[in-house]
>>> print(open('start03.txt').read())   # compact mmCIF, C-alpha atoms and all ligand atoms
# COMPACT_ATOMS: atom_id res chain seq x y z
CA MET A 1 15.13 48.84 98.03
CA ASN A 2 12.14 48.69 100.33
CA CYS A 3 10.50 51.96 101.27
CA PRO A 4 12.32 53.17 104.40
CA MET A 5 9.16 54.93 105.61
CA GLU A 6 7.50 51.51 105.87
CA ALA A 7 10.38 49.97 107.77
CA ARG A 8 11.16 50.36 111.42
CA GLN A 9 13.87 53.01 111.91
CA GLY A 10 13.10 54.09 108.33
CA SER A 11 12.86 57.79 109.07
CA ASP A 12 16.26 57.53 110.78
CA LEU A 13 17.74 56.47 107.46
CA LEU A 14 16.17 59.50 105.78
CA LEU A 15 17.38 61.78 108.57
CA GLU A 16 20.92 60.45 108.22
CA TYR A 17 20.64 61.06 104.51
CA THR A 18 19.48 64.66 104.81
CA ALA A 19 22.18 65.22 107.42
CA GLY A 20 24.74 64.05 104.84
CA ARG A 21 25.91 61.23 107.06
CA LEU A 22 24.98 58.30 104.86
CA ALA A 23 27.70 56.27 103.09
CA PRO A 24 27.83 57.06 99.34
CA GLN A 25 26.51 53.58 98.43
CA ALA A 26 23.55 53.84 100.79
CA ALA A 27 22.90 57.43 99.74
CA SER A 28 22.66 56.58 96.05
CA GLU A 29 20.39 53.61 96.82
CA LEU A 30 18.14 55.93 98.78
CA GLU A 31 18.24 58.56 96.04
CA ALA A 32 17.10 55.93 93.54
CA HIS A 33 14.19 55.13 95.85
CA LEU A 34 13.31 58.81 96.29
CA GLU A 35 12.85 59.06 92.50
CA GLY A 36 9.84 56.79 92.70
CA CYS A 37 8.47 57.43 96.19
CA ALA A 38 6.67 60.72 96.80
CA ARG A 39 6.29 60.01 100.50
CA CYS A 40 10.01 59.62 101.13
CA ARG A 41 10.78 62.48 98.78
CA GLU A 42 8.50 64.80 100.76
CA PHE A 43 9.99 63.73 104.04
CA ALA A 44 13.56 64.19 102.81
CA HIS A 45 12.60 67.55 101.34
CA SER A 46 11.06 68.84 104.56
CA GLN A 47 14.12 67.70 106.50
CA LYS A 48 16.38 69.50 104.05
CA MET A 49 14.40 72.68 104.67
CA VAL A 50 15.15 72.34 108.38
CA TRP A 51 18.84 71.84 107.66
CA GLN A 52 18.92 74.82 105.34
CA ALA A 53 17.28 76.96 108.00
CA LEU A 54 19.87 75.81 110.51
CA GLU A 55 22.75 76.48 108.16
CA ALA A 56 21.41 79.95 107.48
CA TRP A 57 21.30 80.58 111.19
CA GLU A 58 24.78 79.18 111.85
CA ALA A 59 26.24 81.33 109.09
CA GLU A 60 25.27 84.42 111.07
CA PRO A 61 28.17 85.70 113.14
CA VAL A 62 27.24 85.19 116.76
CA SER A 63 28.24 88.34 118.55
CA MET A 64 28.19 89.13 122.22
CA ASP A 65 25.40 91.51 121.37
CA PHE A 66 23.36 88.70 119.87
CA ASP A 67 23.88 86.65 123.01
CA ARG A 68 22.93 89.57 125.23
CA ARG A 69 19.81 90.37 123.21
CA LEU A 70 18.80 86.72 123.22
CA PHE A 71 18.96 86.58 126.99
CA ALA A 72 17.15 89.89 127.25
CA ARG A 73 14.34 88.47 125.16
CA ILE A 74 14.23 85.32 127.23
CA GLU A 75 13.95 87.39 130.39
CA GLN A 76 11.10 89.40 128.90
CA ALA A 77 9.17 86.29 127.93
CA PRO A 78 6.25 85.31 130.16
CA VAL A 79 7.52 83.16 132.99
CA SER A 80 5.05 80.36 132.44
CA TRP A 81 6.05 80.06 128.80
CA TRP A 82 9.75 80.01 129.61
CA ALA A 83 9.29 77.58 132.49
CA ARG A 84 7.16 75.29 130.37
CA VAL A 85 9.67 75.20 127.52
CA THR A 86 12.79 74.78 129.65
CA GLY A 87 11.41 73.04 132.72
CA GLN A 88 12.14 69.53 131.52
CA VAL A 89 15.43 70.42 129.90
CA MET A 90 16.70 72.18 133.01
CA HIS A 91 15.91 69.13 135.11
CA HIS A 92 18.55 67.25 133.21
CA GLY A 93 21.18 69.86 133.92
CA VAL A 94 21.48 71.14 130.36
CA PRO A 95 22.86 74.70 130.38
CA VAL A 96 20.48 77.56 129.71
CA ALA A 97 22.33 78.37 126.51
CA ALA A 98 21.52 74.89 125.19
CA ALA A 99 17.86 75.41 125.97
CA ALA A 100 18.07 78.74 124.20
CA GLY A 101 19.52 76.96 121.17
CA VAL A 102 16.60 74.57 121.14
CA ILE A 103 14.21 77.49 121.27
CA ILE A 104 15.97 79.20 118.37
CA LEU A 105 15.70 75.93 116.48
CA ALA A 106 12.02 75.64 117.27
CA GLY A 107 11.54 79.22 116.16
CA LEU A 108 13.27 78.51 112.87
CA MET A 109 11.04 75.55 112.21
CA LEU A 110 7.81 77.25 113.21
CA ARG A 111 8.28 80.71 111.70
CA PRO A 112 8.38 80.75 107.89
CA ALA A 113 9.60 84.35 107.96
CA VAL A 114 13.13 83.40 109.00
CA THR A 115 13.66 81.19 105.91
CA PRO A 116 13.07 83.75 103.16
CA VAL A 117 14.39 81.56 100.30
CA GLU A 118 11.43 79.19 100.57
CA PRO A 119 8.23 79.55 98.61
CA PRO A 120 5.22 79.61 100.98
CA GLN A 121 4.01 76.07 100.32
CA GLU A 122 7.40 74.66 101.32
CA SER A 123 7.28 76.61 104.56
CA ALA A 124 3.92 75.01 105.20
CA GLN A 125 5.54 71.60 104.92
CA VAL A 126 8.13 72.51 107.49
CA GLU A 127 5.36 73.65 109.79
CA THR A 128 3.49 70.37 109.49
CA LEU A 129 6.39 68.27 110.76
CA GLY A 130 5.05 65.95 113.44
CA PRO A 131 6.38 66.11 116.99
CA GLU A 132 8.26 62.88 116.39
CA GLN A 133 10.09 64.32 113.39
CA VAL A 134 10.89 67.54 115.19
CA GLN A 135 12.25 65.48 118.07
CA SER A 136 14.44 63.55 115.66
CA ALA A 137 15.77 66.78 114.24
CA LEU A 138 16.43 68.03 117.75
CA ASP A 139 18.30 64.85 118.52
CA ASP A 140 20.52 65.56 115.55
CA MET A 141 21.30 68.95 116.98
CA GLN A 142 23.87 67.85 119.52
CA MET A 143 26.26 70.09 117.60
CA LEU A 144 24.01 73.05 118.33
CA ARG A 145 24.33 72.36 122.04
CA ASP A 146 28.09 72.09 121.72
CA PHE A 147 28.08 75.31 119.76
CA ASN A 148 26.12 77.10 122.43
CA HIS A 149 28.41 75.68 125.06
CA LEU A 150 31.37 77.22 123.24
CA VAL A 151 29.62 80.56 122.92
CA ARG A 152 28.89 80.46 126.62
CA ALA A 153 32.46 79.54 127.53
CA ASP A 154 33.70 82.43 125.42
CA SER A 155 31.67 84.96 127.31
CA ALA A 156 33.22 84.60 130.71
CA GLU A 157 31.20 87.37 132.30
CA PRO A 158 28.80 86.11 134.96
CA ARG A 159 25.19 86.07 133.92
CA MET A 160 22.06 85.25 135.94
ZN ZN B 1 9.56 55.40 100.18
>>> encode(input="start03.txt", output="structure tokens", more="lines below")
Ligand SMILES: [Zn+2]
Amino acid sequence: MNCPMEARQGSDLLLEYTAGRLAPQAASELEAHLEGCARCREFAHSQKMVWQALEAWEAEPVSMDFDRRLFARIEQAPVSWWARVTGQVMHHGVPVAAAAGVIILAGLMLRPAVTPVEPPQESAQVETLGPEQVQSALDDMQMLRDFNHLVRADSAEPRM
């Protein structure tokens, strides 16, 4: 097959693959290509690291206490930082919890310390993801938003 990184929408194919959403036929074709293409292999590997980090986070039981502490931390954060991060998101009416999820995600990708299973050089790869790739990963995280929505619906107590 042609190198997907050279093709338009190529990284989408790799993202689908690392997300486990590719049909078995397409997945094995891509795997065959990965054998011989370091560029695609690196990209797929770095995406897998992101997924592993997310799975590690999702495996944690999300308690009310976690939610409360998260919001406490958000409130303690400098206003300009918080406004800058959420300003655009909030314009589109996305709940605060969803924005918080995005921030957790960003934290996972930017802080090697939260993914202890990785050797340091692999963490470095995760850190060097371009904005475009991070955006793609964020786009894949609709489930995170849904998840946060559920958490928020569970905790009926008024907040803010
Ligand atoms: Zn390739």
>>> residues_near_ligand(input="start03.txt", ligand="ligand ZN 1 (chain B)", cutoff="8 Å", atoms="all atoms listed in the file", output="ChimeraX atom specification")
/A:2-6,33-34,36-41
>>> closest_residue(input="start03.txt", among="A:Ala44, A:Ala72, A:Ala27, A:Leu54", to="Leu15 of chain A", atoms="all atoms listed in the file")
A:Ala44
>>> atom_distance(input="start03.txt", atom1="atom CA of Met1 of chain A", atom2="atom CA of Ala32 of chain A")
8.6 Å
>>> closest_residue(input="start03.txt", among="A:Thr18, A:Arg145, A:Leu13, A:Arg8", to="Trp51 of chain A", atoms="all atoms listed in the file")
A:Thr18
>>> atom_distance(input="start03.txt", atom1="atom CA of Glu35 of chain A", atom2="atom CA of Glu55 of chain A")
25.4 Å
>>> atom_distance(input="start03.txt", atom1="atom CA of Arg21 of chain A", atom2="atom CA of His45 of chain A")
15.8 Å
